[in-house]
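J.: Got a structure for you, work-v5.cif, holding mmCIF, N, CA and C atoms.
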data_start
#
loop_
_atom_site.label_atom_id
_atom_site.label_comp_id
_atom_site.auth_asym_id
_atom_site.auth_seq_id
_atom_site.Cartn_x
_atom_site.Cartn_y
_atom_site.Cartn_z
N MET A 86 -15.57 51.72 -21.78
CA MET A 86 -15.91 50.50 -22.48
C MET A 86 -14.88 49.41 -22.20
N THR A 87 -13.63 49.81 -22.07
CA THR A 87 -12.56 48.85 -21.82
C THR A 87 -12.79 48.14 -20.49
N ASN A 88 -13.24 48.88 -19.48
CA ASN A 88 -13.48 48.26 -18.17
C ASN A 88 -14.55 47.17 -18.27
N ALA A 89 -15.62 47.43 -19.00
CA ALA A 89 -16.68 46.44 -19.16
C ALA A 89 -16.17 45.23 -19.93
N THR A 90 -15.38 45.49 -20.97
CA THR A 90 -14.82 44.40 -21.76
C THR A 90 -13.86 43.56 -20.92
N ASP A 91 -13.02 44.24 -20.16
CA ASP A 91 -12.08 43.53 -19.28
C ASP A 91 -12.83 42.71 -18.23
N PHE A 92 -13.90 43.31 -17.68
CA PHE A 92 -14.70 42.61 -16.68
C PHE A 92 -15.32 41.35 -17.28
N LEU A 93 -15.92 41.50 -18.46
CA LEU A 93 -16.55 40.34 -19.10
C LEU A 93 -15.51 39.28 -19.47
N SER A 94 -14.36 39.73 -19.91
CA SER A 94 -13.30 38.79 -20.25
C SER A 94 -12.84 38.02 -19.00
N SER A 95 -12.64 38.76 -17.91
CA SER A 95 -12.22 38.12 -16.65
C SER A 95 -13.29 37.16 -16.14
N PHE A 96 -14.55 37.60 -16.21
CA PHE A 96 -15.65 36.77 -15.76
C PHE A 96 -15.75 35.50 -16.61
N SER A 97 -15.59 35.65 -17.91
CA SER A 97 -15.64 34.50 -18.81
C SER A 97 -14.52 33.52 -18.50
N SER A 98 -13.32 34.05 -18.28
CA SER A 98 -12.18 33.19 -17.94
C SER A 98 -12.42 32.47 -16.62
N TYR A 99 -12.94 33.20 -15.64
CA TYR A 99 -13.24 32.61 -14.34
C TYR A 99 -14.28 31.51 -14.48
N SER A 100 -15.31 31.77 -15.27
CA SER A 100 -16.38 30.78 -15.48
C SER A 100 -15.84 29.52 -16.14
N LYS A 101 -14.98 29.70 -17.13
CA LYS A 101 -14.40 28.53 -17.81
C LYS A 101 -13.54 27.73 -16.84
N ASP A 102 -12.73 28.42 -16.03
CA ASP A 102 -11.88 27.73 -15.06
C ASP A 102 -12.73 26.98 -14.03
N SER A 103 -13.81 27.63 -13.57
CA SER A 103 -14.69 26.99 -12.59
C SER A 103 -15.37 25.76 -13.18
N PHE A 104 -15.82 25.88 -14.41
CA PHE A 104 -16.48 24.75 -15.07
C PHE A 104 -15.50 23.60 -15.26
N ALA A 105 -14.28 23.92 -15.67
CA ALA A 105 -13.27 22.87 -15.86
C ALA A 105 -12.95 22.18 -14.53
N ALA A 106 -12.84 22.96 -13.47
CA ALA A 106 -12.55 22.39 -12.15
C ALA A 106 -13.71 21.50 -11.69
N THR A 107 -14.93 21.95 -11.95
CA THR A 107 -16.10 21.15 -11.57
C THR A 107 -16.14 19.84 -12.34
N LYS A 108 -15.80 19.89 -13.62
CA LYS A 108 -15.76 18.67 -14.42
C LYS A 108 -14.71 17.70 -13.88
N GLU A 109 -13.55 18.23 -13.50
CA GLU A 109 -12.49 17.39 -12.95
C GLU A 109 -12.95 16.74 -11.64
N LEU A 110 -13.59 17.53 -10.78
CA LEU A 110 -14.08 17.00 -9.51
C LEU A 110 -15.13 15.92 -9.75
N PHE A 111 -16.02 16.17 -10.70
CA PHE A 111 -17.05 15.18 -11.03
C PHE A 111 -16.39 13.89 -11.52
N ALA A 112 -15.35 14.00 -12.34
CA ALA A 112 -14.66 12.81 -12.86
C ALA A 112 -14.00 12.02 -11.72
N ILE A 113 -13.39 12.74 -10.78
CA ILE A 113 -12.77 12.07 -9.63
C ILE A 113 -13.83 11.34 -8.81
N ASN A 114 -14.94 12.03 -8.54
CA ASN A 114 -16.02 11.42 -7.76
C ASN A 114 -16.64 10.23 -8.48
N ALA A 115 -16.83 10.35 -9.79
CA ALA A 115 -17.43 9.25 -10.56
C ALA A 115 -16.51 8.03 -10.55
N GLU A 116 -15.22 8.27 -10.70
CA GLU A 116 -14.26 7.16 -10.67
C GLU A 116 -14.27 6.48 -9.29
N LEU A 117 -14.30 7.28 -8.24
CA LEU A 117 -14.34 6.72 -6.89
C LEU A 117 -15.63 5.94 -6.68
N ALA A 118 -16.75 6.48 -7.12
CA ALA A 118 -18.04 5.79 -6.97
C ALA A 118 -18.03 4.46 -7.72
N ASN A 119 -17.46 4.43 -8.91
CA ASN A 119 -17.38 3.18 -9.67
C ASN A 119 -16.53 2.14 -8.95
N LYS A 120 -15.40 2.58 -8.44
CA LYS A 120 -14.52 1.65 -7.72
C LYS A 120 -15.19 1.14 -6.45
N LEU A 121 -15.90 2.02 -5.75
CA LEU A 121 -16.60 1.59 -4.53
C LEU A 121 -17.73 0.62 -4.86
N LEU A 122 -18.41 0.87 -5.96
CA LEU A 122 -19.48 -0.05 -6.38
C LEU A 122 -18.90 -1.43 -6.68
N GLU A 123 -17.75 -1.47 -7.35
CA GLU A 123 -17.09 -2.75 -7.62
C GLU A 123 -16.75 -3.46 -6.31
N LYS A 124 -16.27 -2.69 -5.33
CA LYS A 124 -15.95 -3.28 -4.02
C LYS A 124 -17.21 -3.83 -3.36
N GLN A 125 -18.30 -3.07 -3.43
CA GLN A 125 -19.56 -3.52 -2.83
C GLN A 125 -20.06 -4.81 -3.49
N ILE A 126 -19.96 -4.86 -4.80
CA ILE A 126 -20.40 -6.06 -5.52
C ILE A 126 -19.52 -7.25 -5.12
N GLY A 127 -18.24 -7.02 -5.02
CA GLY A 127 -17.33 -8.08 -4.58
C GLY A 127 -17.65 -8.55 -3.17
N PHE A 128 -17.97 -7.60 -2.30
CA PHE A 128 -18.32 -7.94 -0.92
C PHE A 128 -19.63 -8.73 -0.88
N ALA A 129 -20.59 -8.33 -1.68
CA ALA A 129 -21.87 -9.08 -1.73
C ALA A 129 -21.61 -10.50 -2.22
N GLY A 130 -20.75 -10.65 -3.21
CA GLY A 130 -20.39 -11.98 -3.70
C GLY A 130 -19.75 -12.81 -2.61
N LEU A 131 -18.91 -12.19 -1.82
CA LEU A 131 -18.24 -12.87 -0.71
C LEU A 131 -19.27 -13.37 0.31
N MET A 132 -20.25 -12.54 0.60
CA MET A 132 -21.28 -12.94 1.57
C MET A 132 -22.14 -14.07 1.00
N ILE A 133 -22.44 -14.03 -0.28
CA ILE A 133 -23.21 -15.12 -0.90
C ILE A 133 -22.40 -16.42 -0.85
N GLU A 134 -21.13 -16.31 -1.16
CA GLU A 134 -20.24 -17.48 -1.11
C GLU A 134 -20.20 -18.08 0.29
N ALA A 135 -20.09 -17.22 1.30
CA ALA A 135 -20.05 -17.70 2.69
C ALA A 135 -21.39 -18.36 3.04
N GLY A 136 -22.48 -17.79 2.57
CA GLY A 136 -23.80 -18.38 2.83
C GLY A 136 -23.94 -19.74 2.19
N GLU A 137 -23.43 -19.88 0.97
CA GLU A 137 -23.48 -21.18 0.28
C GLU A 137 -22.67 -22.23 1.04
N LYS A 138 -21.53 -21.81 1.56
CA LYS A 138 -20.70 -22.74 2.32
C LYS A 138 -21.41 -23.16 3.61
N GLN A 139 -22.15 -22.23 4.20
CA GLN A 139 -22.93 -22.57 5.39
C GLN A 139 -23.98 -23.62 5.06
N LEU A 140 -24.63 -23.45 3.90
CA LEU A 140 -25.64 -24.43 3.49
C LEU A 140 -25.00 -25.79 3.21
N ASP A 141 -23.79 -25.79 2.66
CA ASP A 141 -23.10 -27.04 2.34
C ASP A 141 -22.82 -27.87 3.59
N ILE A 142 -22.58 -27.22 4.70
CA ILE A 142 -22.26 -27.99 5.91
C ILE A 142 -23.49 -28.25 6.78
N ALA A 143 -24.64 -27.79 6.35
CA ALA A 143 -25.86 -27.97 7.15
C ALA A 143 -26.20 -29.44 7.36
N SER A 144 -25.77 -30.30 6.46
CA SER A 144 -26.12 -31.72 6.58
C SER A 144 -25.11 -32.51 7.42
N VAL A 145 -24.04 -31.85 7.86
CA VAL A 145 -23.04 -32.53 8.68
C VAL A 145 -23.66 -32.85 10.05
N THR A 146 -23.56 -34.12 10.45
CA THR A 146 -24.19 -34.53 11.71
C THR A 146 -23.19 -34.68 12.86
N GLU A 147 -21.94 -34.82 12.53
CA GLU A 147 -20.90 -34.99 13.55
C GLU A 147 -20.49 -33.61 14.09
N PRO A 148 -20.66 -33.37 15.39
CA PRO A 148 -20.37 -32.04 15.96
C PRO A 148 -18.95 -31.56 15.73
N LYS A 149 -17.96 -32.43 15.90
CA LYS A 149 -16.57 -32.00 15.71
C LYS A 149 -16.32 -31.59 14.26
N GLU A 150 -16.84 -32.35 13.33
CA GLU A 150 -16.68 -32.04 11.91
C GLU A 150 -17.38 -30.72 11.57
N TYR A 151 -18.58 -30.55 12.14
CA TYR A 151 -19.34 -29.32 11.89
C TYR A 151 -18.58 -28.09 12.40
N VAL A 152 -18.07 -28.19 13.63
CA VAL A 152 -17.31 -27.07 14.22
C VAL A 152 -16.06 -26.79 13.40
N ALA A 153 -15.37 -27.83 12.97
CA ALA A 153 -14.15 -27.65 12.17
C ALA A 153 -14.48 -26.94 10.84
N LYS A 154 -15.54 -27.38 10.18
CA LYS A 154 -15.92 -26.76 8.91
C LYS A 154 -16.41 -25.33 9.12
N GLN A 155 -17.16 -25.13 10.19
CA GLN A 155 -17.65 -23.78 10.51
C GLN A 155 -16.47 -22.85 10.79
N THR A 156 -15.50 -23.34 11.52
CA THR A 156 -14.30 -22.55 11.84
C THR A 156 -13.55 -22.19 10.56
N ALA A 157 -13.43 -23.15 9.66
CA ALA A 157 -12.73 -22.90 8.39
C ALA A 157 -13.46 -21.82 7.58
N ILE A 158 -14.78 -21.90 7.55
CA ILE A 158 -15.56 -20.89 6.82
C ILE A 158 -15.34 -19.51 7.43
N VAL A 159 -15.40 -19.43 8.75
CA VAL A 159 -15.23 -18.15 9.43
C VAL A 159 -13.83 -17.59 9.18
N GLU A 160 -12.82 -18.43 9.28
CA GLU A 160 -11.44 -17.98 9.07
C GLU A 160 -11.25 -17.47 7.64
N GLU A 161 -11.76 -18.23 6.67
CA GLU A 161 -11.63 -17.82 5.27
C GLU A 161 -12.37 -16.52 5.00
N THR A 162 -13.59 -16.42 5.51
CA THR A 162 -14.39 -15.21 5.29
C THR A 162 -13.75 -14.01 5.98
N THR A 163 -13.26 -14.22 7.18
CA THR A 163 -12.60 -13.13 7.91
C THR A 163 -11.38 -12.62 7.15
N ALA A 164 -10.59 -13.51 6.60
CA ALA A 164 -9.41 -13.10 5.83
C ALA A 164 -9.82 -12.30 4.59
N LYS A 165 -10.87 -12.77 3.92
CA LYS A 165 -11.33 -12.06 2.71
C LYS A 165 -11.92 -10.69 3.07
N VAL A 166 -12.64 -10.60 4.17
CA VAL A 166 -13.19 -9.31 4.60
C VAL A 166 -12.06 -8.35 4.97
N ALA A 167 -11.04 -8.86 5.65
CA ALA A 167 -9.88 -8.03 6.01
C ALA A 167 -9.18 -7.51 4.75
N ASP A 168 -9.01 -8.37 3.75
CA ASP A 168 -8.41 -7.94 2.48
C ASP A 168 -9.26 -6.87 1.81
N ALA A 169 -10.57 -7.06 1.82
CA ALA A 169 -11.48 -6.08 1.22
C ALA A 169 -11.40 -4.74 1.95
N ALA A 170 -11.33 -4.79 3.27
CA ALA A 170 -11.23 -3.55 4.05
C ALA A 170 -9.92 -2.84 3.76
N GLN A 171 -8.84 -3.60 3.64
CA GLN A 171 -7.54 -3.00 3.36
C GLN A 171 -7.52 -2.37 1.97
N SER A 172 -8.06 -3.05 0.98
CA SER A 172 -8.05 -2.48 -0.37
C SER A 172 -8.99 -1.28 -0.47
N THR A 173 -10.08 -1.29 0.30
CA THR A 173 -10.98 -0.14 0.31
C THR A 173 -10.30 1.05 0.98
N SER A 174 -9.58 0.79 2.04
CA SER A 174 -8.82 1.86 2.71
C SER A 174 -7.79 2.47 1.76
N ALA A 175 -7.11 1.61 1.01
CA ALA A 175 -6.13 2.10 0.04
C ALA A 175 -6.81 2.94 -1.04
N LEU A 176 -8.01 2.53 -1.43
CA LEU A 176 -8.78 3.28 -2.42
C LEU A 176 -9.10 4.68 -1.90
N PHE A 177 -9.50 4.78 -0.64
CA PHE A 177 -9.80 6.09 -0.07
C PHE A 177 -8.54 6.95 0.06
N GLN A 178 -7.42 6.34 0.37
CA GLN A 178 -6.17 7.09 0.43
C GLN A 178 -5.82 7.64 -0.95
N GLU A 179 -5.97 6.82 -1.96
CA GLU A 179 -5.71 7.24 -3.33
C GLU A 179 -6.64 8.39 -3.72
N ALA A 180 -7.91 8.26 -3.39
CA ALA A 180 -8.88 9.31 -3.70
C ALA A 180 -8.53 10.60 -2.96
N GLY A 181 -8.10 10.47 -1.73
CA GLY A 181 -7.69 11.64 -0.95
C GLY A 181 -6.55 12.38 -1.63
N GLU A 182 -5.60 11.64 -2.16
CA GLU A 182 -4.49 12.27 -2.89
C GLU A 182 -4.99 12.97 -4.15
N GLU A 183 -5.93 12.34 -4.85
CA GLU A 183 -6.48 12.96 -6.06
C GLU A 183 -7.22 14.25 -5.71
N PHE A 184 -7.98 14.24 -4.60
CA PHE A 184 -8.69 15.45 -4.17
C PHE A 184 -7.69 16.54 -3.78
N LYS A 185 -6.61 16.15 -3.14
CA LYS A 185 -5.58 17.12 -2.73
C LYS A 185 -4.97 17.78 -3.96
N VAL A 186 -4.61 16.99 -4.96
CA VAL A 186 -4.04 17.53 -6.19
C VAL A 186 -5.04 18.46 -6.87
N TRP A 187 -6.31 18.03 -6.92
CA TRP A 187 -7.35 18.85 -7.53
C TRP A 187 -7.49 20.18 -6.80
N PHE A 188 -7.51 20.14 -5.47
CA PHE A 188 -7.66 21.36 -4.68
C PHE A 188 -6.46 22.29 -4.89
N GLU A 189 -5.26 21.73 -4.85
CA GLU A 189 -4.06 22.56 -5.03
C GLU A 189 -4.04 23.21 -6.41
N LYS A 190 -4.46 22.46 -7.41
CA LYS A 190 -4.53 23.01 -8.76
C LYS A 190 -5.53 24.16 -8.81
N GLY A 191 -6.69 23.96 -8.18
CA GLY A 191 -7.71 25.01 -8.15
C GLY A 191 -7.25 26.24 -7.39
N ALA A 192 -6.54 26.03 -6.29
CA ALA A 192 -6.02 27.16 -5.52
C ALA A 192 -5.00 27.94 -6.32
N LYS A 193 -4.16 27.24 -7.07
CA LYS A 193 -3.15 27.91 -7.90
C LYS A 193 -3.84 28.72 -9.00
N THR A 194 -4.85 28.12 -9.63
CA THR A 194 -5.58 28.83 -10.68
C THR A 194 -6.27 30.07 -10.11
N ALA A 195 -6.87 29.93 -8.93
CA ALA A 195 -7.55 31.06 -8.29
C ALA A 195 -6.55 32.17 -7.96
N GLU A 196 -5.39 31.79 -7.47
CA GLU A 196 -4.36 32.77 -7.14
C GLU A 196 -3.92 33.52 -8.40
N GLU A 197 -3.71 32.79 -9.48
CA GLU A 197 -3.31 33.43 -10.74
C GLU A 197 -4.39 34.37 -11.25
N THR A 198 -5.65 33.96 -11.11
CA THR A 198 -6.77 34.79 -11.56
C THR A 198 -6.84 36.07 -10.74
N VAL A 199 -6.67 35.97 -9.44
CA VAL A 199 -6.72 37.15 -8.57
C VAL A 199 -5.55 38.08 -8.88
N LYS A 200 -4.37 37.52 -9.08
CA LYS A 200 -3.21 38.36 -9.40
C LYS A 200 -3.42 39.10 -10.71
N LYS A 201 -3.98 38.41 -11.70
CA LYS A 201 -4.23 39.04 -12.99
C LYS A 201 -5.27 40.15 -12.85
N ALA A 202 -6.32 39.87 -12.08
CA ALA A 202 -7.36 40.88 -11.87
C ALA A 202 -6.79 42.09 -11.14
N ALA A 203 -5.92 41.86 -10.17
CA ALA A 203 -5.30 42.97 -9.45
C ALA A 203 -4.39 43.78 -10.37
N ALA A 204 -3.65 43.09 -11.22
CA ALA A 204 -2.79 43.78 -12.17
C ALA A 204 -3.60 44.61 -13.15
N ASP A 205 -4.70 44.02 -13.63
CA ASP A 205 -5.59 44.74 -14.55
C ASP A 205 -6.20 45.96 -13.87
N ALA A 206 -6.59 45.81 -12.60
CA ALA A 206 -7.17 46.93 -11.86
C ALA A 206 -6.13 48.04 -11.66
N ALA A 207 -4.89 47.63 -11.41
CA ALA A 207 -3.81 48.61 -11.21
C ALA A 207 -3.56 49.39 -12.51
N LYS A 208 -3.65 48.69 -13.66
CA LYS A 208 -3.46 49.36 -14.95
C LYS A 208 -4.56 50.40 -15.18
N VAL A 209 -5.78 50.02 -14.85
CA VAL A 209 -6.92 50.92 -15.06
C VAL A 209 -6.80 52.13 -14.12
N ALA A 210 -6.35 51.90 -12.90
CA ALA A 210 -6.23 52.97 -11.93
C ALA A 210 -5.10 53.93 -12.26
N ALA A 211 -4.11 53.45 -12.97
CA ALA A 211 -2.94 54.29 -13.28
C ALA A 211 -3.15 55.25 -14.38
#
Can you give me the file's structure in the form of structure tokens?
T.:
Amino acid sequence: MTNATDFLSSFSSYSKDSFAATKELFAINAELANKLLEKQIGFAGLMIEAGEKQLDIASVTEPKEYVAKQTAIVEETTAKVADAAQSTSALFQEAGEEFKVWFEKGAKTAEETVKKAAADAAKVAA
């Protein structure tokens, strides 16, 4: 009877640890998804802003003035897109570190669980 009780206890502990790890992973993914959505919304706003600026210069009739304004729009938009790309890259690096910590924590928990199960098995065998 002790073996069955020990097995159920170990299984229950393993299940709780697995569920907790899954919840943590879900939280990390949800946070990343929210941050990425914010970035996407910001990027869409940037594109709308650039489009509005294009419409603003549509009435310019002087070629040199038009080219100068078009160049300014492109330079400004390019700088903002580069900033967005850099901050998104930093976001992925941060998420990568969070995943690494999560994985290492899970590996440590798994190792402890296996060691405990081995110790319990050794006690039963003795």
J.: Mind telling me what the PyMOL selection byres (((chain A and resi 167-176 and name CA) around 9) and name CA) catches here, as a ChimeraX atom specification?
T.: /A:117,120-121,124,127-128,162-166,177-181
J.: I'd like to know which residues of stretch 133-170 of chain A are alpha helix (DSSP H) (by DSSP, run on the backbone); could you write them as a PyMOL selection string?
T.: chain A and resi 133-141+148-170
J.: Could you check the closest approach to A:Ala106 for each of A:Val186, A:Gly191, A:Asp205, A:Leu140 and tell me which residue wins, using only N, CA and C atoms?
T.: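 Smallest distance to A:Ala106 is found for A:Gly191.
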J.: To one decimal place in Å, what is the distance between atom N of A:Glu160 and atom C of A:Leu122?
T.: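 If I compute the distance from atom N of A:Glu160 to atom C of A:Leu122, I get 24.1 Å.
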J.: What would the selection look like, as a list in words, if the PyMOL selection byres (((chain A and resi 139 and name CA) around 12) and name CA) were run on the coordinates I just shared?
T.: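 So the PyMOL selection byres (((chain A and resi 139 and name CA) around 12) and name CA), applied here, picks out Met132, Ile133, Glu134, Ala135, Gly136, Glu137, Lys138, Leu140, Asp141, Ile142, Ala143, Ser144, Val145, Tyr151, Val152, Lys154, Gln155, Thr156, Ala157, Ile158, Val159 and Thr162 of chain A.
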J.: In Å, with one decimal, what is the gap from atom C of A:Thr194 to atom CA of A:Asp102?
T.: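 One can read the atom C of A:Thr194 to atom CA of A:Asp102 distance as 7.8 Å.
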J.: Would you please work out which residue, of A:Thr198, A:Gly130, A:Val209, A:Ala204, is nearest to A:Ser100 when using only C-alpha atoms?
T.: A:Thr198
J.: What is the atom N of A:Ser103-atom CA of A:Ala195 distance in Å, reported with one decimal?
T.: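 About the pair atom N of A:Ser103 and atom CA of A:Ala195: they are 8.9 Å apart.
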